[in-house]
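So this block is model.pdb, PDB, C-alpha atoms:
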```pdb
ATOM      1  CA  GLU H  15     -18.053 -97.373  23.062  1.00  0.00           C
ATOM      2  CA  THR H  16     -17.998 -95.921  19.598  1.00  0.00           C
ATOM      3  CA  GLY H  17     -17.759 -98.307  16.662  1.00  0.00           C
ATOM      4  CA  VAL H  18     -15.216 -95.952  15.098  1.00  0.00           C
ATOM      5  CA  THR H  19     -12.029 -95.316  17.078  1.00  0.00           C
ATOM      6  CA  GLN H  20      -9.564 -92.551  16.319  1.00  0.00           C
ATOM      7  CA  THR H  21      -6.090 -92.044  17.754  1.00  0.00           C
ATOM      8  CA  PRO H  22      -4.524 -89.896  18.974  1.00  0.00           C
ATOM      9  CA  ARG H  23      -7.223 -87.750  20.507  1.00  0.00           C
ATOM     10  CA  HIS H  24      -4.948 -84.693  20.477  1.00  0.00           C
ATOM     11  CA  LEU H  25      -1.841 -83.968  18.443  1.00  0.00           C
ATOM     12  CA  VAL H  26       0.485 -80.997  18.427  1.00  0.00           C
ATOM     13  CA  MET H  27       3.100 -80.920  15.705  1.00  0.00           C
ATOM     14  CA  GLY H  28       5.561 -78.522  14.170  1.00  0.00           C
ATOM     15  CA  MET H  29       5.474 -77.624  10.520  1.00  0.00           C
ATOM     16  CA  THR H  30       8.455 -79.853   9.735  1.00  0.00           C
ATOM     17  CA  ASN H  31       7.168 -82.939  11.560  1.00  0.00           C
ATOM     18  CA  LYS H  32       5.687 -86.088  10.094  1.00  0.00           C
ATOM     19  CA  LYS H  33       2.836 -87.704  11.950  1.00  0.00           C
ATOM     20  CA  SER H  34      -0.075 -90.041  11.242  1.00  0.00           C
ATOM     21  CA  LEU H  35      -3.674 -90.174  12.343  1.00  0.00           C
ATOM     22  CA  LYS H  36      -5.278 -93.568  12.765  1.00  0.00           C
ATOM     23  CA  CYS H  37      -8.874 -94.675  12.410  1.00  0.00           C
ATOM     24  CA  GLU H  38     -10.323 -98.118  13.031  1.00  0.00           C
ATOM     25  CA  GLN H  39     -13.920 -99.219  12.606  1.00  0.00           C
ATOM     26  CA  HIS H  40     -15.485-102.286  14.206  1.00  0.00           C
ATOM     27  CA  LEU H  41     -18.776-102.146  12.342  1.00  0.00           C
ATOM     28  CA  GLY H  42     -18.012-104.302   9.338  1.00  0.00           C
ATOM     29  CA  HIS H  43     -18.412-101.336   7.016  1.00  0.00           C
ATOM     30  CA  ASN H  44     -16.902-101.154   3.557  1.00  0.00           C
ATOM     31  CA  ALA H  45     -16.463 -97.401   3.173  1.00  0.00           C
ATOM     32  CA  MET H  46     -14.327 -94.996   5.220  1.00  0.00           C
ATOM     33  CA  TYR H  47     -13.920 -91.226   5.104  1.00  0.00           C
ATOM     34  CA  TRP H  48     -11.756 -88.393   6.359  1.00  0.00           C
ATOM     35  CA  TYR H  49     -13.409 -85.074   7.158  1.00  0.00           C
ATOM     36  CA  LYS H  50     -11.849 -81.802   8.308  1.00  0.00           C
ATOM     37  CA  GLN H  51     -13.786 -79.678  10.794  1.00  0.00           C
ATOM     38  CA  SER H  52     -12.571 -76.105  11.234  1.00  0.00           C
ATOM     39  CA  ALA H  53     -14.107 -73.573  13.582  1.00  0.00           C
ATOM     40  CA  LYS H  54     -17.310 -71.993  12.263  1.00  0.00           C
ATOM     41  CA  LYS H  55     -17.036 -73.779   8.923  1.00  0.00           C
ATOM     42  CA  PRO H  56     -18.971 -76.724   7.522  1.00  0.00           C
ATOM     43  CA  LEU H  57     -17.311 -80.103   7.617  1.00  0.00           C
ATOM     44  CA  GLU H  58     -15.160 -80.653   4.567  1.00  0.00           C
ATOM     45  CA  LEU H  59     -14.925 -84.069   2.965  1.00  0.00           C
ATOM     46  CA  MET H  60     -11.285 -84.910   2.255  1.00  0.00           C
ATOM     47  CA  PHE H  61     -11.083 -88.530   1.151  1.00  0.00           C
ATOM     48  CA  VAL H  62     -13.363 -91.499   0.555  1.00  0.00           C
ATOM     49  CA  TYR H  63     -12.342 -95.141   0.409  1.00  0.00           C
ATOM     50  CA  ASN H  64     -14.632 -97.930  -0.723  1.00  0.00           C
ATOM     51  CA  PHE H  65     -13.382-101.507  -0.338  1.00  0.00           C
ATOM     52  CA  LYS H  66      -9.873-100.097   0.256  1.00  0.00           C
ATOM     53  CA  GLU H  67      -9.911 -98.146  -3.004  1.00  0.00           C
ATOM     54  CA  GLN H  68      -9.853 -94.371  -2.981  1.00  0.00           C
ATOM     55  CA  THR H  69     -12.926 -93.101  -4.733  1.00  0.00           C
ATOM     56  CA  GLU H  70     -12.745 -89.428  -3.892  1.00  0.00           C
ATOM     57  CA  ASN H  71     -10.075 -86.826  -3.264  1.00  0.00           C
ATOM     58  CA  ASN H  72     -11.592 -83.405  -2.792  1.00  0.00           C
ATOM     59  CA  SER H  73      -8.627 -81.356  -4.011  1.00  0.00           C
ATOM     60  CA  VAL H  74      -6.741 -81.987  -0.795  1.00  0.00           C
ATOM     61  CA  PRO H  75      -3.114 -80.727  -0.700  1.00  0.00           C
ATOM     62  CA  SER H  76      -0.476 -83.412  -1.079  1.00  0.00           C
ATOM     63  CA  ARG H  77       0.815 -82.756   2.448  1.00  0.00           C
ATOM     64  CA  PHE H  78      -2.138 -84.950   3.476  1.00  0.00           C
ATOM     65  CA  SER H  79      -1.656 -88.543   2.352  1.00  0.00           C
ATOM     66  CA  PRO H  80      -4.311 -91.176   3.113  1.00  0.00           C
ATOM     67  CA  GLU H  81      -3.744 -94.888   3.384  1.00  0.00           C
ATOM     68  CA  CYS H  82      -6.329 -97.657   3.644  1.00  0.00           C
ATOM     69  CA  PRO H  83      -4.680-101.065   4.119  1.00  0.00           C
ATOM     70  CA  ASN H  84      -8.017-102.824   4.664  1.00  0.00           C
ATOM     71  CA  SER H  85     -11.674-101.980   5.084  1.00  0.00           C
ATOM     72  CA  SER H  86     -11.297-101.606   8.852  1.00  0.00           C
ATOM     73  CA  HIS H  87      -8.345 -99.242   9.016  1.00  0.00           C
ATOM     74  CA  LEU H  88      -7.698 -95.789   7.636  1.00  0.00           C
ATOM     75  CA  PHE H  89      -4.684 -93.564   8.153  1.00  0.00           C
ATOM     76  CA  LEU H  90      -3.951 -89.950   7.367  1.00  0.00           C
ATOM     77  CA  HIS H  91      -0.250 -89.241   7.020  1.00  0.00           C
ATOM     78  CA  LEU H  92       0.744 -85.647   7.661  1.00  0.00           C
ATOM     79  CA  HIS H  93       3.922 -83.857   6.611  1.00  0.00           C
ATOM     80  CA  THR H  94       5.024 -80.259   6.216  1.00  0.00           C
ATOM     81  CA  LEU H  95       1.699 -78.933   7.495  1.00  0.00           C
ATOM     82  CA  GLN H  96       0.729 -75.290   7.812  1.00  0.00           C
ATOM     83  CA  PRO H  97      -0.859 -73.560  10.831  1.00  0.00           C
ATOM     84  CA  GLU H  98      -4.139 -73.260   8.890  1.00  0.00           C
ATOM     85  CA  ASP H  99      -4.297 -77.065   8.860  1.00  0.00           C
ATOM     86  CA  SER H 100      -5.070 -76.956  12.580  1.00  0.00           C
ATOM     87  CA  ALA H 101      -8.541 -78.454  12.944  1.00  0.00           C
ATOM     88  CA  LEU H 102     -10.526 -81.423  14.167  1.00  0.00           C
ATOM     89  CA  TYR H 103     -10.077 -84.380  11.827  1.00  0.00           C
ATOM     90  CA  LEU H 104     -12.994 -86.763  11.840  1.00  0.00           C
ATOM     91  CA  CYS H 105     -13.036 -90.278  10.519  1.00  0.00           C
ATOM     92  CA  ALA H 106     -16.305 -91.914   9.493  1.00  0.00           C
ATOM     93  CA  SER H 107     -17.463 -95.195   8.065  1.00  0.00           C
ATOM     94  CA  SER H 108     -20.585 -96.466   6.331  1.00  0.00           C
ATOM     95  CA  GLN H 109     -21.849 -99.769   5.048  1.00  0.00           C
ATOM     96  CA  ASP H 110     -21.228 -98.627   1.500  1.00  0.00           C
ATOM     97  CA  VAL H 111     -20.894 -95.383  -0.426  1.00  0.00           C
ATOM     98  CA  ARG H 112     -24.528 -95.334  -1.430  1.00  0.00           C
ATOM     99  CA  ASP H 113     -27.306 -94.158   0.782  1.00  0.00           C
ATOM    100  CA  SER H 114     -26.020 -95.473   4.101  1.00  0.00           C
ATOM    101  CA  PRO H 115     -25.574 -93.273   7.176  1.00  0.00           C
ATOM    102  CA  LEU H 116     -22.136 -92.242   8.361  1.00  0.00           C
ATOM    103  CA  HIS H 117     -20.803 -93.350  11.725  1.00  0.00           C
ATOM    104  CA  PHE H 118     -18.174 -91.008  13.123  1.00  0.00           C
ATOM    105  CA  GLY H 119     -15.268 -91.314  15.508  1.00  0.00           C
ATOM    106  CA  ASN H 120     -14.400 -88.802  18.230  1.00  0.00           C
ATOM    107  CA  GLY H 121     -11.875 -87.044  16.063  1.00  0.00           C
ATOM    108  CA  THR H 122      -8.257 -85.972  16.437  1.00  0.00           C
ATOM    109  CA  ARG H 123      -7.699 -82.373  17.481  1.00  0.00           C
ATOM    110  CA  LEU H 124      -4.635 -81.285  15.495  1.00  0.00           C
ATOM    111  CA  THR H 125      -2.626 -78.169  16.290  1.00  0.00           C
ATOM    112  CA  VAL H 126       0.177 -77.147  13.956  1.00  0.00           C
ATOM    113  CA  THR H 127       2.695 -74.787  15.507  1.00  0.00           C
TER     114      THR H 127
ATOM    115  CA  ALA Q   2     -23.356 -77.626  -6.322  1.00  0.00           C
ATOM    116  CA  GLN Q   3     -25.338 -78.536  -3.256  1.00  0.00           C
ATOM    117  CA  THR Q   4     -25.186 -76.160  -0.307  1.00  0.00           C
ATOM    118  CA  VAL Q   5     -26.643 -76.388   3.162  1.00  0.00           C
ATOM    119  CA  THR Q   6     -27.409 -73.303   5.230  1.00  0.00           C
ATOM    120  CA  GLN Q   7     -28.073 -73.087   8.933  1.00  0.00           C
ATOM    121  CA  SER Q   8     -28.962 -69.514   9.755  1.00  0.00           C
ATOM    122  CA  GLN Q   9     -28.885 -69.829  13.555  1.00  0.00           C
ATOM    123  CA  PRO Q  10     -25.313 -70.020  14.897  1.00  0.00           C
ATOM    124  CA  GLU Q  11     -26.556 -70.319  18.485  1.00  0.00           C
ATOM    125  CA  MET Q  12     -29.816 -71.091  20.241  1.00  0.00           C
ATOM    126  CA  SER Q  13     -30.921 -71.802  23.764  1.00  0.00           C
ATOM    127  CA  VAL Q  14     -33.994 -73.408  25.295  1.00  0.00           C
ATOM    128  CA  GLN Q  15     -35.264 -74.112  28.765  1.00  0.00           C
ATOM    129  CA  GLU Q  16     -35.327 -77.700  29.903  1.00  0.00           C
ATOM    130  CA  ALA Q  17     -38.605 -79.462  29.015  1.00  0.00           C
ATOM    131  CA  GLU Q  18     -39.524 -76.898  26.373  1.00  0.00           C
ATOM    132  CA  THR Q  19     -39.536 -77.251  22.597  1.00  0.00           C
ATOM    133  CA  VAL Q  20     -37.027 -75.758  20.175  1.00  0.00           C
ATOM    134  CA  THR Q  21     -36.804 -75.720  16.393  1.00  0.00           C
ATOM    135  CA  LEU Q  22     -33.549 -75.540  14.451  1.00  0.00           C
ATOM    136  CA  SER Q  23     -33.649 -74.281  10.879  1.00  0.00           C
ATOM    137  CA  CYS Q  24     -31.960 -75.638   7.781  1.00  0.00           C
ATOM    138  CA  THR Q  25     -32.291 -74.809   4.121  1.00  0.00           C
ATOM    139  CA  TYR Q  26     -30.508 -76.405   1.214  1.00  0.00           C
ATOM    140  CA  ASP Q  27     -30.011 -75.843  -2.449  1.00  0.00           C
ATOM    141  CA  THR Q  28     -30.043 -78.604  -5.024  1.00  0.00           C
ATOM    142  CA  SER Q  29     -31.321 -79.334  -8.506  1.00  0.00           C
ATOM    143  CA  GLU Q  30     -31.695 -83.012  -7.676  1.00  0.00           C
ATOM    144  CA  ASN Q  31     -35.073 -84.606  -7.047  1.00  0.00           C
ATOM    145  CA  ASN Q  32     -33.884 -87.613  -5.073  1.00  0.00           C
ATOM    146  CA  TYR Q  33     -31.700 -87.134  -2.044  1.00  0.00           C
ATOM    147  CA  TYR Q  34     -31.356 -87.660   1.704  1.00  0.00           C
ATOM    148  CA  LEU Q  35     -31.322 -85.134   4.506  1.00  0.00           C
ATOM    149  CA  PHE Q  36     -29.861 -85.658   7.955  1.00  0.00           C
ATOM    150  CA  TRP Q  37     -29.489 -84.024  11.311  1.00  0.00           C
ATOM    151  CA  TYR Q  38     -26.353 -84.892  13.262  1.00  0.00           C
ATOM    152  CA  LYS Q  39     -25.585 -83.990  16.847  1.00  0.00           C
ATOM    153  CA  GLN Q  40     -22.045 -83.288  18.089  1.00  0.00           C
ATOM    154  CA  PRO Q  41     -21.804 -83.121  21.890  1.00  0.00           C
ATOM    155  CA  PRO Q  42     -18.634 -82.027  23.721  1.00  0.00           C
ATOM    156  CA  SER Q  43     -17.309 -85.567  23.293  1.00  0.00           C
ATOM    157  CA  ARG Q  44     -16.921 -84.519  19.624  1.00  0.00           C
ATOM    158  CA  GLN Q  45     -18.481 -87.653  18.179  1.00  0.00           C
ATOM    159  CA  MET Q  46     -21.025 -86.869  15.491  1.00  0.00           C
ATOM    160  CA  ILE Q  47     -24.183 -88.853  16.161  1.00  0.00           C
ATOM    161  CA  LEU Q  48     -27.008 -89.343  13.667  1.00  0.00           C
ATOM    162  CA  VAL Q  49     -30.225 -87.911  15.073  1.00  0.00           C
ATOM    163  CA  ILE Q  50     -32.662 -88.343  12.226  1.00  0.00           C
ATOM    164  CA  ARG Q  51     -32.774 -89.032   8.491  1.00  0.00           C
ATOM    165  CA  GLN Q  52     -35.304 -88.115   5.799  1.00  0.00           C
ATOM    166  CA  GLU Q  53     -35.638 -89.492   2.284  1.00  0.00           C
ATOM    167  CA  ALA Q  54     -36.718 -86.791  -0.149  1.00  0.00           C
ATOM    168  CA  TYR Q  55     -39.265 -89.011  -1.878  1.00  0.00           C
ATOM    169  CA  LYS Q  56     -41.158 -89.528   1.370  1.00  0.00           C
ATOM    170  CA  GLN Q  57     -43.769 -86.907   2.123  1.00  0.00           C
ATOM    171  CA  GLN Q  58     -44.178 -88.052   5.703  1.00  0.00           C
ATOM    172  CA  ASN Q  59     -41.911 -86.264   8.147  1.00  0.00           C
ATOM    173  CA  ALA Q  60     -39.428 -88.474   9.967  1.00  0.00           C
ATOM    174  CA  THR Q  61     -39.656 -88.799  13.737  1.00  0.00           C
ATOM    175  CA  GLU Q  62     -37.366 -90.351  16.335  1.00  0.00           C
ATOM    176  CA  ASN Q  63     -38.761 -90.151  19.848  1.00  0.00           C
ATOM    177  CA  ARG Q  64     -38.473 -86.478  20.890  1.00  0.00           C
ATOM    178  CA  PHE Q  65     -36.951 -85.464  17.563  1.00  0.00           C
ATOM    179  CA  SER Q  66     -39.007 -84.701  14.478  1.00  0.00           C
ATOM    180  CA  VAL Q  67     -38.486 -82.819  11.252  1.00  0.00           C
ATOM    181  CA  ASN Q  68     -40.552 -80.474   9.138  1.00  0.00           C
ATOM    182  CA  PHE Q  69     -39.539 -81.301   5.585  1.00  0.00           C
ATOM    183  CA  GLN Q  70     -40.778 -78.811   2.998  1.00  0.00           C
ATOM    184  CA  LYS Q  71     -39.412 -80.061  -0.314  1.00  0.00           C
ATOM    185  CA  ALA Q  72     -40.683 -77.224  -2.471  1.00  0.00           C
ATOM    186  CA  ALA Q  73     -39.213 -74.676  -0.105  1.00  0.00           C
ATOM    187  CA  LYS Q  74     -36.034 -76.764   0.344  1.00  0.00           C
ATOM    188  CA  SER Q  75     -36.399 -76.503   4.072  1.00  0.00           C
ATOM    189  CA  PHE Q  76     -35.597 -79.146   6.672  1.00  0.00           C
ATOM    190  CA  SER Q  77     -36.060 -78.008  10.264  1.00  0.00           C
ATOM    191  CA  LEU Q  78     -35.504 -80.092  13.392  1.00  0.00           C
ATOM    192  CA  LYS Q  79     -37.893 -79.918  16.325  1.00  0.00           C
ATOM    193  CA  ILE Q  80     -36.744 -81.119  19.717  1.00  0.00           C
ATOM    194  CA  SER Q  81     -39.579 -81.653  22.187  1.00  0.00           C
ATOM    195  CA  ASP Q  82     -39.221 -81.889  25.952  1.00  0.00           C
ATOM    196  CA  SER Q  83     -35.612 -80.672  25.738  1.00  0.00           C
ATOM    197  CA  GLN Q  84     -33.142 -82.336  28.071  1.00  0.00           C
ATOM    198  CA  LEU Q  85     -29.792 -81.150  29.380  1.00  0.00           C
ATOM    199  CA  GLY Q  86     -28.127 -83.911  27.369  1.00  0.00           C
ATOM    200  CA  ASP Q  87     -29.410 -82.320  24.179  1.00  0.00           C
ATOM    201  CA  THR Q  88     -26.839 -79.552  24.594  1.00  0.00           C
ATOM    202  CA  ALA Q  89     -24.600 -79.914  21.532  1.00  0.00           C
ATOM    203  CA  MET Q  90     -23.784 -78.643  18.074  1.00  0.00           C
ATOM    204  CA  TYR Q  91     -26.402 -79.694  15.545  1.00  0.00           C
ATOM    205  CA  PHE Q  92     -25.504 -80.115  11.893  1.00  0.00           C
ATOM    206  CA  CYS Q  93     -27.855 -80.397   8.961  1.00  0.00           C
ATOM    207  CA  ALA Q  94     -26.511 -82.489   6.072  1.00  0.00           C
ATOM    208  CA  PHE Q  95     -27.437 -83.498   2.533  1.00  0.00           C
ATOM    209  CA  THR Q  96     -26.480 -86.296   0.156  1.00  0.00           C
ATOM    210  CA  GLN Q  97     -27.688 -87.195  -3.281  1.00  0.00           C
ATOM    211  CA  TYR Q  98     -29.033 -90.660  -3.990  1.00  0.00           C
ATOM    212  CA  ASN Q  99     -26.301 -93.238  -4.633  1.00  0.00           C
ATOM    213  CA  ASN Q 100     -23.664 -90.886  -3.352  1.00  0.00           C
ATOM    214  CA  ASN Q 101     -22.207 -90.470   0.115  1.00  0.00           C
ATOM    215  CA  ASP Q 102     -20.536 -87.117  -0.563  1.00  0.00           C
ATOM    216  CA  MET Q 103     -22.286 -85.553   2.406  1.00  0.00           C
ATOM    217  CA  ARG Q 104     -22.571 -81.745   2.539  1.00  0.00           C
ATOM    218  CA  PHE Q 105     -22.901 -80.175   5.955  1.00  0.00           C
ATOM    219  CA  GLY Q 106     -24.171 -76.855   7.217  1.00  0.00           C
ATOM    220  CA  ALA Q 107     -22.045 -74.713   9.525  1.00  0.00           C
ATOM    221  CA  GLY Q 108     -23.973 -75.918  12.566  1.00  0.00           C
ATOM    222  CA  THR Q 109     -26.168 -74.514  15.341  1.00  0.00           C
ATOM    223  CA  ARG Q 110     -24.945 -74.539  18.907  1.00  0.00           C
ATOM    224  CA  LEU Q 111     -27.869 -75.467  21.152  1.00  0.00           C
ATOM    225  CA  THR Q 112     -27.765 -74.928  24.896  1.00  0.00           C
ATOM    226  CA  VAL Q 113     -30.444 -76.433  27.104  1.00  0.00           C
ATOM    227  CA  LYS Q 114     -30.772 -74.465  30.328  1.00  0.00           C
ATOM    228  CA  PRO Q 115     -31.951 -75.986  33.604  1.00  0.00           C
TER     229      PRO Q 115
END
```
As structure tokens - that is how I would like this structure written.
Amino acid sequence: ETGVTQTPRHLVMGMTNKKSLKCEQHLGHNAMYWYKQSAKKPLELMFVYNFKEQTENNSVPSRFSPECPNSSHLFLHLHTLQPEDSALYLCASSQDVRDSPLHFGNGTRLTVT
Amino acid sequence: AQTVTQSQPEMSVQEAETVTLSCTYDTSENNYYLFWYKQPPSRQMILVIRQEAYKQQNATENRFSVNFQKAAKSFSLKISDSQLGDTAMYFCAFTQYNNNDMRFGAGTRLTVKP
């Protein structure tokens, strides 16, 4: 069982829908991340949270809205997405934001129609 | 800006043989970490091996070892005695010291053939 759990595993949504991705980590880590993985492209860091505070936003469009209510949970709220937002969204956690390895979840495969 | 390049989109190897995956990176930093991650069909990214730039000794983890050439900015992964379960996407990644903004390469798809 992975220490980082993501739900749902698959999501299909229309461009006018609002949906949320959920990530939960059971590792006692203090930092959590959202990454976007598109076909044949390197993983792109989207957001970083450290002790529930957002420390990084890599110029992500406002149609992606993260939320981190506590160190164990991370959400990505989606609204008015575009077809090019279709990708695998990976959540990760680490002990802290310095020099500690990332532990990833299984990802949510998002398709925007 | 740091970049990571994996020049081999796909590779294959016979079971029990050895394969080497290439990775180069570009940075002006002197202190950093390098990683290889494996992503099997289950999609979960799994850490394979990690190398600190200040260490001259190459990291090893069982059948996995790296050839770290700091001057050449090269970080290749060698898989010995390949197993069918090694079939996966392999990603090379880089972070600076005191920073977890991890930069990934585009990946190499490795297929181990029986």
Q: Would you give me, as number ranges by chain, the residues of chain H that come within 6 Å of chain Q, using all atoms listed in the file?
A: H: 55-57, 111-113, 118-120
Q: Pick out the residues sitting within 10 Å of Asn63 in chain Q, and hand them over as a ChimeraX atom specification; count all atoms listed in the file, and ignore anything fewer than 5 positions along from it in its own chain.
A: /Q:50,80-81
Which residues are near range 36-47 of chain H? Cut-off 8 Å, all atoms listed in the file, ignore same chain within fewer than 6 positions. Put them as a CSV table (one decimal) with C-alpha atoms, in the coordinates of the input.
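Ended up saving to selection22.csv:
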```
chain,number,residue,atom,x,y,z
H,17,GLY,CA,-17.8,-98.3,16.7
H,18,VAL,CA,-15.2,-96.0,15.1
H,19,THR,CA,-12.0,-95.3,17.1
H,20,GLN,CA,-9.6,-92.6,16.3
H,21,THR,CA,-6.1,-92.0,17.8
H,22,PRO,CA,-4.5,-89.9,19.0
H,59,LEU,CA,-14.9,-84.1,3.0
H,60,MET,CA,-11.3,-84.9,2.3
H,61,PHE,CA,-11.1,-88.5,1.2
H,62,VAL,CA,-13.4,-91.5,0.6
H,63,TYR,CA,-12.3,-95.1,0.4
H,64,ASN,CA,-14.6,-97.9,-0.7
H,65,PHE,CA,-13.4,-101.5,-0.3
H,66,LYS,CA,-9.9,-100.1,0.3
H,85,SER,CA,-11.7,-102.0,5.1
H,86,SER,CA,-11.3,-101.6,8.9
H,87,HIS,CA,-8.3,-99.2,9.0
H,88,LEU,CA,-7.7,-95.8,7.6
H,89,PHE,CA,-4.7,-93.6,8.2
H,90,LEU,CA,-4.0,-90.0,7.4
H,105,CYS,CA,-13.0,-90.3,10.5
H,106,ALA,CA,-16.3,-91.9,9.5
H,107,SER,CA,-17.5,-95.2,8.1
H,108,SER,CA,-20.6,-96.5,6.3
H,109,GLN,CA,-21.8,-99.8,5.0
H,110,ASP,CA,-21.2,-98.6,1.5
H,111,VAL,CA,-20.9,-95.4,-0.4
H,119,GLY,CA,-15.3,-91.3,15.5
```
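Within 9 Å of the point (-43.1, -81.1, 10.0) in file coordinates, and counting all atoms listed in the file, lie the residues Gln58, Asn59, Ala60, Ser66, Val67, Asn68, Phe69, Gln70, Phe76, Ser77, Leu78 and Lys79 of chain Q.
If you count all atoms listed in the file and ignore residues fewer than 2 places along the chain from Lys32 in chain H, what sits within 7 Å of it is Thr30, Leu92 and His93 of chain H.
For the pair CA of Asn84 in chain H and CA of Ala101 in chain H, the interatomic distance is 25.7 Å.
Here CA of Val113 in chain Q is placed at a distance of 5.8 Å from CA of Glu16 in chain Q.
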Could you write out as lines of an AutoDock Vina configuration file the box around range 48-52 of chain Q (axis-aligned, all atoms listed in the file, 3 Å on each side), with centre and edge lengths in Å to one decimal?
```
center_x = -31.2
center_y = -88.6
center_z = 10.4
size_x = 14.3
size_y = 7.4
size_z = 15.3
```
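The space separating CA of Asp82 in chain Q from CA of Glu18 in chain Q comes to 5.0 Å.
For the choices Q:Thr4, Q:Val20, Q:Gln15, Q:Asp27, the atom-to-atom distance to Lys74 in chain Q is smallest for Q:Asp27 when using all atoms listed in the file.
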Q. What lies within 8 Å of Arg23 in chain H using all atoms listed in the file, ignoring chain neighbours under 5 positions off, as an MDAnalysis selection string?
A. chainID H and resid 120:123
Those same residues, written as a PDB file, in the coordinates of the input with C-alpha atoms?
```
ATOM      1  CA  ASN H 120     -14.400 -88.802  18.230  1.00  0.00           C
ATOM      2  CA  GLY H 121     -11.875 -87.044  16.063  1.00  0.00           C
ATOM      3  CA  THR H 122      -8.257 -85.972  16.437  1.00  0.00           C
ATOM      4  CA  ARG H 123      -7.699 -82.373  17.481  1.00  0.00           C
TER       5      ARG H 123
END
```
Q: Using the chain letters and numbers from the file, give me the residues hit by the PyMOL selection byres ((chain Q and resi 85-90) around 6), as JSON, numbers by chain.
A: {"Q": [39, 40, 41, 84, 91, 109, 110, 111, 112, 113]}
Q: Spell out the residues picked by the PyMOL selection byres ((chain H and resi 124) around 8) here, as a PyMOL selection string.
A: chain H and resi 24-27+99-103+122-123+125-126
Q. Which residue gives the smallest distance to Met29 in chain H among H:Pro83, H:Leu116, H:Leu104, H:Arg77, with all atoms listed in the file counted?
A. H:Arg77
